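This is entry-v9.txt. It holds compact mmCIF, C-alpha atoms.
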# COMPACT_ATOMS: atom_id res chain seq x y z
CA MET A 1 -17.68 24.79 -3.86
CA ALA A 2 -15.61 21.99 -2.38
CA GLU A 3 -12.02 22.82 -1.54
CA LEU A 4 -8.84 20.76 -1.30
CA VAL A 5 -7.34 22.23 1.86
CA ALA A 6 -4.55 19.83 2.76
CA GLY A 7 -2.31 17.06 1.50
CA PHE A 8 -0.07 14.63 3.33
CA CYS A 9 2.40 11.88 2.50
CA LEU A 10 2.51 9.06 5.03
CA PRO A 11 3.15 5.32 5.37
CA HIS A 12 0.62 2.51 5.46
CA ASP A 13 2.87 -0.11 7.05
CA PRO A 14 0.73 -3.02 8.30
CA LEU A 15 3.29 -3.89 10.97
CA MET A 16 2.28 -0.73 12.80
CA ALA A 17 -0.88 -2.62 13.70
CA SER A 18 0.34 -6.20 13.90
CA VAL A 19 3.67 -5.53 15.68
CA PRO A 20 3.12 -2.40 17.79
CA LYS A 21 5.91 -3.25 20.24
CA ILE A 22 9.43 -3.37 18.83
CA ASN A 23 12.96 -3.17 20.21
CA GLU A 24 13.37 0.41 19.03
CA GLN A 25 10.08 1.54 20.52
CA ALA A 26 11.08 5.21 20.51
CA LYS A 27 11.14 5.12 16.71
CA ALA A 28 7.73 3.50 16.59
CA ASP A 29 6.29 6.03 19.00
CA ILE A 30 7.57 8.91 16.87
CA VAL A 31 5.73 7.49 13.86
CA TYR A 32 2.52 6.89 15.82
CA GLU A 33 2.74 10.47 17.13
CA ALA A 34 3.30 11.82 13.61
CA LEU A 35 0.08 10.17 12.45
CA GLU A 36 -1.69 11.63 15.50
CA GLU A 37 -0.35 15.01 14.38
CA VAL A 38 -1.82 14.49 10.91
CA ASN A 39 -5.14 13.72 12.55
CA ARG A 40 -4.92 16.85 14.70
CA ARG A 41 -4.12 18.98 11.67
CA ILE A 42 -7.02 17.76 9.54
CA LYS A 43 -9.40 18.27 12.43
CA ALA A 44 -8.02 21.78 13.00
CA MET A 45 -8.67 22.52 9.33
CA ASN A 46 -12.25 21.27 9.68
CA VAL A 47 -11.73 18.63 7.03
CA ASP A 48 -14.90 16.76 6.11
CA THR A 49 -13.43 14.15 3.79
CA VAL A 50 -10.04 12.55 3.20
CA ILE A 51 -9.13 11.00 -0.14
CA VAL A 52 -6.82 8.13 0.81
CA ILE A 53 -4.53 6.82 -1.92
CA GLY A 54 -3.00 3.42 -1.29
CA ASP A 55 -2.15 0.38 -3.32
CA ASP A 56 -3.42 -3.16 -3.28
CA HIS A 57 -0.95 -5.84 -2.14
CA TYR A 58 -2.48 -8.79 -3.98
CA CYS A 59 -5.29 -8.79 -1.42
CA ASN A 60 -8.45 -7.48 -3.04
CA PHE A 61 -7.16 -7.88 -6.57
CA GLY A 62 -5.78 -11.13 -7.96
CA PRO A 63 -4.17 -12.29 -11.19
CA HIS A 64 -7.65 -12.46 -12.73
CA CYS A 65 -8.20 -8.69 -12.41
CA LEU A 66 -5.58 -6.00 -11.79
CA PRO A 67 -6.96 -2.48 -12.12
CA GLN A 68 -4.59 0.42 -12.69
CA TYR A 69 -6.61 2.59 -10.34
CA LEU A 70 -9.83 2.08 -8.48
CA ILE A 71 -12.12 4.40 -6.55
CA ALA A 72 -14.48 3.24 -3.82
CA ILE A 73 -17.78 5.10 -4.07
CA GLY A 74 -20.24 3.12 -1.96
CA ASP A 75 -19.93 0.97 1.15
CA ALA A 76 -16.70 0.01 2.86
CA ASP A 77 -15.33 -1.71 5.90
CA GLY A 78 -11.93 -2.91 6.92
CA PRO A 79 -9.36 -4.11 7.46
CA ARG A 80 -9.48 -7.17 5.26
CA GLU A 81 -6.47 -8.91 6.82
CA PRO A 82 -7.19 -10.63 10.16
CA TRP A 83 -3.48 -10.77 10.96
CA LEU A 84 -3.37 -7.00 11.44
CA GLY A 85 -5.01 -7.58 14.81
CA LEU A 86 -7.59 -4.84 14.27
CA ASP A 87 -11.31 -5.43 14.54
CA ARG A 88 -13.07 -4.91 11.24
CA TYR A 89 -15.39 -1.89 11.28
CA PRO A 90 -17.45 0.16 8.80
CA VAL A 91 -15.73 3.09 7.11
CA GLU A 92 -18.05 5.84 5.94
CA ILE A 93 -17.37 6.95 2.39
CA ASP A 94 -18.26 10.40 1.08
CA THR A 95 -20.37 8.82 -1.64
CA SER A 96 -21.51 12.04 -3.29
CA LEU A 97 -18.01 13.44 -3.73
CA ALA A 98 -16.58 10.03 -4.65
CA THR A 99 -19.21 9.59 -7.34
CA HIS A 100 -18.48 13.08 -8.63
CA ILE A 101 -14.74 12.32 -8.84
CA MET A 102 -15.55 9.07 -10.64
CA ASP A 103 -17.79 10.84 -13.17
CA PHE A 104 -15.35 13.73 -13.58
CA GLY A 105 -12.65 11.20 -14.39
CA PHE A 106 -14.81 9.40 -16.93
CA ASP A 107 -15.47 12.74 -18.63
CA HIS A 108 -11.79 13.68 -18.67
CA GLY A 109 -10.08 10.55 -19.94
CA PHE A 110 -9.64 8.52 -16.75
CA ASP A 111 -11.49 5.21 -16.86
CA TRP A 112 -11.66 4.24 -13.21
CA ALA A 113 -12.28 0.78 -11.96
CA VAL A 114 -14.99 1.20 -9.35
CA ALA A 115 -15.85 -0.51 -6.08
CA ARG A 116 -19.42 -0.08 -4.90
CA SER A 117 -18.79 -2.29 -1.87
CA ILE A 118 -15.33 -3.18 -0.62
CA THR A 119 -13.43 -4.46 2.38
CA LEU A 120 -10.35 -2.30 2.54
CA GLU A 121 -6.91 -3.87 2.90
CA HIS A 122 -4.07 -2.20 4.73
CA GLY A 123 -3.00 0.04 1.85
CA THR A 124 -5.80 2.44 2.70
CA MET A 125 -7.01 1.03 6.00
CA ILE A 126 -3.87 1.76 8.03
CA PRO A 127 -3.90 5.50 7.23
CA ILE A 128 -7.64 5.61 7.78
CA HIS A 129 -7.30 3.87 11.14
CA TYR A 130 -4.37 5.92 12.44
CA ALA A 131 -4.73 9.32 10.76
CA VAL A 132 -8.37 9.76 9.73
CA LYS A 133 -9.73 7.95 12.80
CA PRO A 134 -13.29 8.05 11.45
CA ASN A 135 -14.92 6.67 14.57
CA GLU A 136 -13.53 9.56 16.63
CA SER A 137 -13.36 12.38 14.09
CA GLY A 138 -16.49 11.71 12.05
CA ILE A 139 -14.41 12.46 8.95
CA LYS A 140 -15.43 10.54 5.85
CA SER A 141 -13.04 8.80 3.47
CA ILE A 142 -12.69 8.18 -0.25
CA PRO A 143 -10.35 5.19 -0.70
CA ILE A 144 -8.42 4.93 -3.95
CA TYR A 145 -6.26 1.96 -4.90
CA THR A 146 -3.43 2.22 -7.40
CA ALA A 147 -1.31 -0.44 -9.08
CA ALA A 148 1.84 0.44 -7.14
CA GLY A 149 2.73 -2.97 -5.78
CA VAL A 150 1.66 -5.52 -8.38
CA GLU A 151 2.57 -5.44 -12.06
CA PRO A 152 1.47 -4.01 -14.43
CA LEU A 153 2.30 -0.84 -12.54
CA LEU A 154 0.62 2.51 -12.88
CA ARG A 155 3.04 4.78 -14.72
CA PRO A 156 4.35 7.60 -12.48
CA ARG A 157 3.43 10.26 -15.04
CA ARG A 158 -0.10 8.88 -15.18
CA ALA A 159 -0.25 8.87 -11.39
CA TYR A 160 0.61 12.56 -11.44
CA GLU A 161 -2.02 13.29 -14.06
CA LEU A 162 -4.57 11.28 -12.11
CA GLY A 163 -3.77 13.36 -9.05
CA GLN A 164 -4.19 16.57 -11.03
CA MET A 165 -7.56 15.37 -12.27
CA ILE A 166 -8.68 14.61 -8.71
CA GLY A 167 -7.70 18.12 -7.65
CA GLU A 168 -9.68 19.59 -10.52
CA ALA A 169 -12.64 17.34 -9.73
CA VAL A 170 -12.77 18.48 -6.12
CA ALA A 171 -12.58 22.12 -7.17
CA ALA A 172 -15.45 21.58 -9.60
CA TYR A 173 -17.76 19.97 -7.05
CA GLU A 174 -20.79 21.97 -5.94
CA GLY A 175 -20.71 20.69 -2.37
CA ALA A 176 -19.10 22.57 0.49
CA GLN A 177 -16.74 19.84 1.64
CA ARG A 178 -13.29 20.66 2.93
CA VAL A 179 -11.09 17.90 1.58
CA ALA A 180 -7.66 16.50 2.39
CA ILE A 181 -5.70 13.97 0.37
CA PHE A 182 -3.27 11.34 1.63
CA GLY A 183 -0.64 9.79 -0.63
CA THR A 184 0.44 6.71 1.29
CA GLY A 185 3.23 4.17 1.24
CA GLY A 186 6.61 3.46 2.62
CA ILE A 187 9.78 4.93 1.20
CA SER A 188 12.52 2.28 0.98
CA HIS A 189 11.40 -1.22 1.80
CA TRP A 190 11.90 -4.70 0.46
CA VAL A 191 8.67 -6.69 0.67
CA GLY A 192 8.90 -10.46 0.82
CA THR A 193 12.38 -10.61 -0.68
CA ALA A 194 15.54 -11.90 0.91
CA GLU A 195 16.47 -8.30 1.74
CA MET A 196 13.31 -7.66 3.75
CA GLY A 197 14.24 -5.58 6.78
CA ARG A 198 16.76 -3.47 4.94
CA VAL A 199 16.17 0.31 4.87
CA ASN A 200 18.08 2.76 2.67
CA GLU A 201 18.09 5.90 4.79
CA GLU A 202 20.14 7.88 2.27
CA PHE A 203 17.55 7.21 -0.42
CA ASP A 204 14.69 8.01 1.93
CA ARG A 205 16.12 11.37 2.88
CA MET A 206 16.78 12.18 -0.76
CA VAL A 207 13.13 11.47 -1.57
CA LEU A 208 11.95 13.58 1.36
CA ASP A 209 14.21 16.41 0.20
CA LYS A 210 12.58 16.25 -3.25
CA VAL A 211 9.12 16.31 -1.67
CA ALA A 212 10.14 19.22 0.57
CA ALA A 213 11.38 21.11 -2.48
CA GLY A 214 8.21 20.36 -4.44
CA ASP A 215 10.36 18.66 -7.08
CA VAL A 216 7.78 16.15 -8.25
CA GLU A 217 9.47 15.83 -11.63
CA ALA A 218 12.53 14.34 -9.93
CA LEU A 219 10.30 11.69 -8.37
CA ILE A 220 8.52 10.96 -11.64
CA ALA A 221 11.88 10.57 -13.36
CA MET A 222 12.97 7.70 -11.09
CA SER A 223 12.67 4.51 -13.10
CA ASP A 224 11.09 1.42 -11.61
CA GLU A 225 14.35 -0.45 -12.13
CA TYR A 226 16.25 2.19 -10.16
CA LEU A 227 13.67 2.15 -7.37
CA VAL A 228 13.67 -1.63 -7.00
CA GLU A 229 17.46 -1.81 -7.07
CA THR A 230 18.07 1.11 -4.73
CA ALA A 231 15.11 1.09 -2.38
CA GLY A 232 13.30 -2.21 -2.83
CA ASN A 233 10.09 -3.27 -4.48
CA GLY A 234 8.07 -1.46 -1.82
CA SER A 235 9.47 1.90 -2.90
CA LEU A 236 7.36 1.66 -6.06
CA GLU A 237 4.64 3.09 -3.84
CA ILE A 238 6.23 6.46 -4.37
CA ARG A 239 3.69 6.92 -7.18
CA ASN A 240 1.02 7.35 -4.48
CA TRP A 241 2.96 10.29 -3.10
CA ILE A 242 3.36 11.67 -6.64
CA MET A 243 -0.39 11.43 -7.09
CA ALA A 244 -1.11 13.43 -3.94
CA MET A 245 1.45 16.03 -5.01
CA GLY A 246 -0.33 16.30 -8.34
CA ALA A 247 -3.69 16.77 -6.64
CA VAL A 248 -2.62 19.73 -4.53
CA GLY A 249 -0.06 21.14 -6.97
CA ALA A 250 2.50 20.76 -4.20
CA ARG A 251 5.11 23.48 -4.15
CA GLY A 252 6.91 21.89 -1.21
CA ALA A 253 6.33 20.13 2.06
CA GLU A 254 6.95 20.30 5.77
CA LEU A 255 8.57 17.15 7.14
CA ILE A 256 6.70 15.91 10.20
CA CYS A 257 8.86 12.88 10.84
CA TYR A 258 11.26 10.43 9.30
CA GLU A 259 12.31 7.21 10.96
CA PRO A 260 14.09 4.21 9.45
CA VAL A 261 12.44 1.25 11.18
CA PRO A 262 14.01 -2.07 10.14
CA GLU A 263 11.69 -4.02 12.43
CA TRP A 264 8.79 -2.57 10.50
CA ILE A 265 10.84 -3.30 7.33
CA CYS A 266 10.41 0.28 6.17
CA GLY A 267 11.64 3.82 5.92
CA MET A 268 8.74 5.77 7.41
CA GLY A 269 8.16 9.38 6.33
CA VAL A 270 5.33 11.75 7.16
CA ALA A 271 5.06 15.17 5.51
CA GLU A 272 2.44 17.85 4.97
CA LEU A 273 2.35 19.17 1.44
CA LYS A 274 2.31 22.90 0.78
CA LEU A 275 -0.57 23.74 -1.50
CA ALA A 276 -0.23 25.67 -4.71
CA GLY A 277 -1.45 29.25 -4.71
CA MET B 1 6.59 -21.28 -17.78
CA SER B 2 3.35 -20.22 -16.20
CA VAL B 3 4.18 -17.73 -13.50
CA ASN B 4 0.69 -16.30 -13.90
CA THR B 5 -0.86 -19.62 -12.92
CA VAL B 6 1.47 -20.01 -9.97
CA GLU B 7 0.42 -16.57 -8.79
CA ARG B 8 -3.21 -17.57 -9.21
CA ILE B 9 -2.68 -20.67 -7.08
CA LEU B 10 -1.00 -18.69 -4.31
CA TRP B 11 -3.57 -15.91 -4.47
CA GLU B 12 -6.36 -18.46 -4.18
CA PHE B 13 -4.77 -19.74 -0.97
CA GLY B 14 -5.17 -16.28 0.48
CA GLU B 15 -8.67 -15.85 -0.86
CA ASN B 16 -9.85 -19.18 0.53
CA PRO B 17 -7.54 -20.57 3.22
CA GLU B 18 -9.46 -23.86 3.23
CA ARG B 19 -7.59 -24.60 0.03
CA ILE B 20 -4.38 -24.89 2.05
CA GLY B 21 -5.66 -28.05 3.72
CA GLN B 22 -6.71 -29.53 0.40
CA PHE B 23 -3.28 -28.75 -1.04
CA GLN B 24 -1.41 -30.19 1.91
CA ALA B 25 -3.53 -33.37 1.90
CA ASN B 26 -2.57 -34.20 -1.66
CA PRO B 27 -0.43 -31.61 -3.48
CA VAL B 28 -0.19 -33.56 -6.71
CA GLU B 29 -3.93 -34.01 -7.02
CA TYR B 30 -4.59 -30.41 -5.95
CA LEU B 31 -2.27 -29.02 -8.62
CA SER B 32 -3.41 -31.35 -11.40
CA PRO B 33 -6.06 -28.98 -12.90
CA TYR B 34 -3.49 -26.20 -13.31
CA GLN B 35 -1.13 -25.85 -16.25
CA LEU B 36 2.29 -25.95 -14.64
CA ASP B 37 5.67 -27.17 -15.79
CA ASP B 38 7.65 -29.66 -13.73
CA LYS B 39 9.84 -27.05 -12.05
CA GLU B 40 6.83 -25.06 -10.91
CA SER B 41 4.96 -28.13 -9.71
CA LYS B 42 7.96 -29.34 -7.73
CA ALA B 43 8.58 -25.93 -6.19
CA LEU B 44 4.94 -25.62 -5.16
CA THR B 45 4.82 -29.15 -3.78
CA LYS B 46 7.98 -28.54 -1.74
CA VAL B 47 6.82 -25.01 -0.76
CA ASP B 48 10.07 -23.79 -2.28
CA LEU B 49 9.07 -20.14 -2.40
CA LYS B 50 12.64 -19.02 -3.06
CA THR B 51 12.63 -20.86 -6.37
CA LEU B 52 9.20 -19.48 -7.23
CA ALA B 53 10.38 -15.94 -6.54
CA GLU B 54 13.40 -16.55 -8.76
CA LEU B 55 10.99 -17.64 -11.49
CA GLY B 56 9.26 -14.27 -11.20
CA VAL B 57 6.42 -14.94 -8.78
CA SER B 58 5.48 -11.86 -6.76
CA THR B 59 7.07 -11.81 -3.33
CA LEU B 60 3.89 -10.21 -2.02
CA LEU B 61 2.35 -13.64 -2.56
CA THR B 62 5.23 -15.76 -1.32
CA MET B 63 5.30 -13.73 1.87
CA MET B 64 1.55 -14.09 2.25
CA VAL B 65 1.39 -17.86 1.88
CA TRP B 66 4.43 -18.80 3.98
CA PRO B 67 2.69 -18.30 7.36
CA MET B 68 -0.47 -19.92 6.02
CA ILE B 69 1.41 -23.09 5.12
CA LYS B 70 4.27 -23.14 7.61
CA GLY B 71 2.61 -21.37 10.53
CA PRO B 72 2.70 -17.73 11.66
CA GLU B 73 5.46 -18.32 14.24
CA GLY B 74 7.93 -18.56 11.38
CA MET B 75 7.39 -14.98 10.31
CA PRO B 76 9.46 -13.16 9.49
CA PHE B 77 12.64 -14.97 10.40
CA ALA B 78 12.09 -18.52 9.16
CA TYR B 79 10.71 -17.03 5.96
CA LEU B 80 13.71 -14.75 5.55
CA GLU B 81 16.05 -17.62 6.25
CA HIS B 82 14.34 -19.61 3.52
CA MET B 83 14.39 -16.75 1.03
CA SER B 84 17.98 -15.73 1.72
CA GLY B 85 19.61 -19.06 2.30
CA GLY B 86 20.32 -18.31 5.93
CA LYS B 87 21.26 -14.63 5.80
CA ILE B 88 18.88 -12.43 7.76
CA THR B 89 19.16 -8.66 7.42
CA ALA B 90 16.41 -7.71 9.87
CA PRO B 91 17.22 -7.20 13.57
CA PRO B 92 16.28 -9.87 16.12
CA ALA B 93 12.72 -10.12 17.32
CA PRO B 94 11.76 -8.13 20.42
Kindly present the structure from the file in structure tokens form.
Amino acid sequence: MAELVAGFCLPHDPLMASVPKINEQAKADIVYEALEEVNRRIKAMNVDTVIVIGDDHYCNFGPHCLPQYLIAIGDADGPREPWLGLDRYPVEIDTSLATHIMDFGFDHGFDWAVARSITLEHGTMIPIHYAVKPNESGIKSIPIYTAAGVEPLLRPRRAYELGQMIGEAVAAYEGAQRVAIFGTGGISHWVGTAEMGRVNEEFDRMVLDKVAAGDVEALIAMSDEYLVETAGNGSLEIRNWIMAMGAVGARGAELICYEPVPEWICGMGVAELKLAG
Amino acid sequence: MSVNTVERILWEFGENPERIGQFQANPVEYLSPYQLDDKESKALTKVDLKTLAELGVSTLLTMMVWPMIKGPEGMPFAYLEHMSGGKITAPPAP
């Protein structure tokens, strides 16, 4: 049977790709190294497939169609945005496991939107590029997009339940894959607003403390209004972390790095989740 | 008020950047098929993204279209100056 062997929370900041050189380069290098460490850890655990949870930033989805959550089950490439400065390349999807998770969801009350062919935007492509590194590792991906940036937003409780379902789906799969899951997004960040560039380090460390304690209920309890006011509209992405915590039944986490990086307009946290059981 | 339509217009700029040229060539004609009120039409025509954001337009979109219309060299600082009325919270560029 397939097994969920690891979970991580990490950023998907596009400026990591488009603005690799900043004034505070030491901070940037710590974040790059943390994502290298994630890559080393999943390789050491012989991971075959990474489920990468990100959110769409009004790139693939427009006002005409705004799915709550979408799973990519077929063909993929990325990144979609030329301004990232990365060459677009194919990303191999674990189609059999992705299709199983899709079907398992349909049978358990989760009506996925589905992409059979997609060009991934930075919400999943940045973690794939820097932490999965498919062209070097050979590890396959299963990209999932949530409504964590554009209204109507996925409810945090539903994100948690969706994560739990994904964990159950992996455990129920007949294949032998060893699977990791990434919940991605920045902590505090203000995207496109007049406050862009501000980072609330106190909030970020509080969130990381909750993750480290396995206190997912405290994260779910944070209202969207509180998040936007305290940590910016970008902090709504915390539901992606909640989802990963739900998938692995996280009982805590090991902090790999935290850096407030105003030039990347984001509080950047990387943590490995401690699995239940 | 038709924030949804404004968001559609901005999103379509990103989906098909050739639309930017059509818009810039004749904003009034470009916007004529869309159902917009005067305030929205004026803000779009003047690329007044600050006003659009205050009307409820997603700042993911305003941030996306600024460099497409004004040029990438203005990001992020000219954009932030526009959105904040001259107050920039980010550190200086490297």
Chain B residues near chain A (12 Å cut-off, all atoms listed in the file) as a ChimeraX atom specification: /B:3-16,49-54,56-68,72,75-94
Would you put the residues from that selection into a file with C-alpha atoms, as a compact mmCIF listing (two decimals), in the frame of the given file?
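Just written: part_9.txt:
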# COMPACT_ATOMS: atom_id res chain seq x y z
CA VAL B 3 4.18 -17.73 -13.50
CA ASN B 4 0.69 -16.30 -13.90
CA THR B 5 -0.86 -19.62 -12.92
CA VAL B 6 1.47 -20.01 -9.97
CA GLU B 7 0.42 -16.57 -8.79
CA ARG B 8 -3.21 -17.57 -9.21
CA ILE B 9 -2.68 -20.67 -7.08
CA LEU B 10 -1.00 -18.69 -4.31
CA TRP B 11 -3.57 -15.91 -4.47
CA GLU B 12 -6.36 -18.46 -4.18
CA PHE B 13 -4.77 -19.74 -0.97
CA GLY B 14 -5.17 -16.28 0.48
CA GLU B 15 -8.67 -15.85 -0.86
CA ASN B 16 -9.85 -19.18 0.53
CA LEU B 49 9.07 -20.14 -2.40
CA LYS B 50 12.64 -19.02 -3.06
CA THR B 51 12.63 -20.86 -6.37
CA LEU B 52 9.20 -19.48 -7.23
CA ALA B 53 10.38 -15.94 -6.54
CA GLU B 54 13.40 -16.55 -8.76
CA GLY B 56 9.26 -14.27 -11.20
CA VAL B 57 6.42 -14.94 -8.78
CA SER B 58 5.48 -11.86 -6.76
CA THR B 59 7.07 -11.81 -3.33
CA LEU B 60 3.89 -10.21 -2.02
CA LEU B 61 2.35 -13.64 -2.56
CA THR B 62 5.23 -15.76 -1.32
CA MET B 63 5.30 -13.73 1.87
CA MET B 64 1.55 -14.09 2.25
CA VAL B 65 1.39 -17.86 1.88
CA TRP B 66 4.43 -18.80 3.98
CA PRO B 67 2.69 -18.30 7.36
CA MET B 68 -0.47 -19.92 6.02
CA PRO B 72 2.70 -17.73 11.66
CA MET B 75 7.39 -14.98 10.31
CA PRO B 76 9.46 -13.16 9.49
CA PHE B 77 12.64 -14.97 10.40
CA ALA B 78 12.09 -18.52 9.16
CA TYR B 79 10.71 -17.03 5.96
CA LEU B 80 13.71 -14.75 5.55
CA GLU B 81 16.05 -17.62 6.25
CA HIS B 82 14.34 -19.61 3.52
CA MET B 83 14.39 -16.75 1.03
CA SER B 84 17.98 -15.73 1.72
CA GLY B 85 19.61 -19.06 2.30
CA GLY B 86 20.32 -18.31 5.93
CA LYS B 87 21.26 -14.63 5.80
CA ILE B 88 18.88 -12.43 7.76
CA THR B 89 19.16 -8.66 7.42
CA ALA B 90 16.41 -7.71 9.87
CA PRO B 91 17.22 -7.20 13.57
CA PRO B 92 16.28 -9.87 16.12
CA ALA B 93 12.72 -10.12 17.32
CA PRO B 94 11.76 -8.13 20.42
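Closest to B:Arg19 among B:Ile69, B:Gly74, B:Ser41, B:Leu36 is B:Ile69, based on all atoms listed in the file.
One finds atom CA of A:Asp224 at 23.3 Å from atom CA of A:Glu259.
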A:Ile126 surroundings by only C-alpha atoms, 6 Å radius, close-in-sequence under 3 positions cut, as a list in words: His12, His122 and His129 of chain A
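Environment of (1.1, 11.0, 2.6): residues at most 8 Å away, judged by all atoms listed in the file, are Gly7, Phe8, Cys9, Leu10, Pro11, Ile181, Phe182, Gly183, Thr184, Gly185, Asn240, Trp241, Ala244, Val270, Ala271 and Glu272 of chain A.
Between A:Gly267 and the candidates A:Pro143, A:Gly138, A:Gly232, A:Pro82, the tightest atom-to-atom separation, counting all atoms listed in the file, involves A:Gly232.
The environment of stretch 168-176 of chain A within 7 Å, counting only C-alpha atoms and disregarding residues fewer than 4 places along the same chain, consists of Met1, Ala2, Glu3, Leu4, Ile101, Phe104 and Gln164 of chain A.
The two atoms in question, atom CA of A:Met206 and atom CA of A:Leu219, are spaced 10.0 Å apart.
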Best match for closeness to A:Ala212 among A:Ala6, A:Leu84, A:Met165, A:Leu273, counting all atoms listed in the file: A:Leu273
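Using all atoms listed in the file, the contacts of A:Thr119 at a cut-off of 9 Å, with sequence neighbours closer than 6 positions omitted, comprise A:Asn60, A:Asp75, A:Ala76, A:Asp77, A:Gly78, A:Pro79, A:Arg80, A:Arg88, A:Pro90.
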Point-to-point distance from atom CA of A:Ile166 to atom CA of A:Arg205, Å rounded to tenths: 27.6 Å
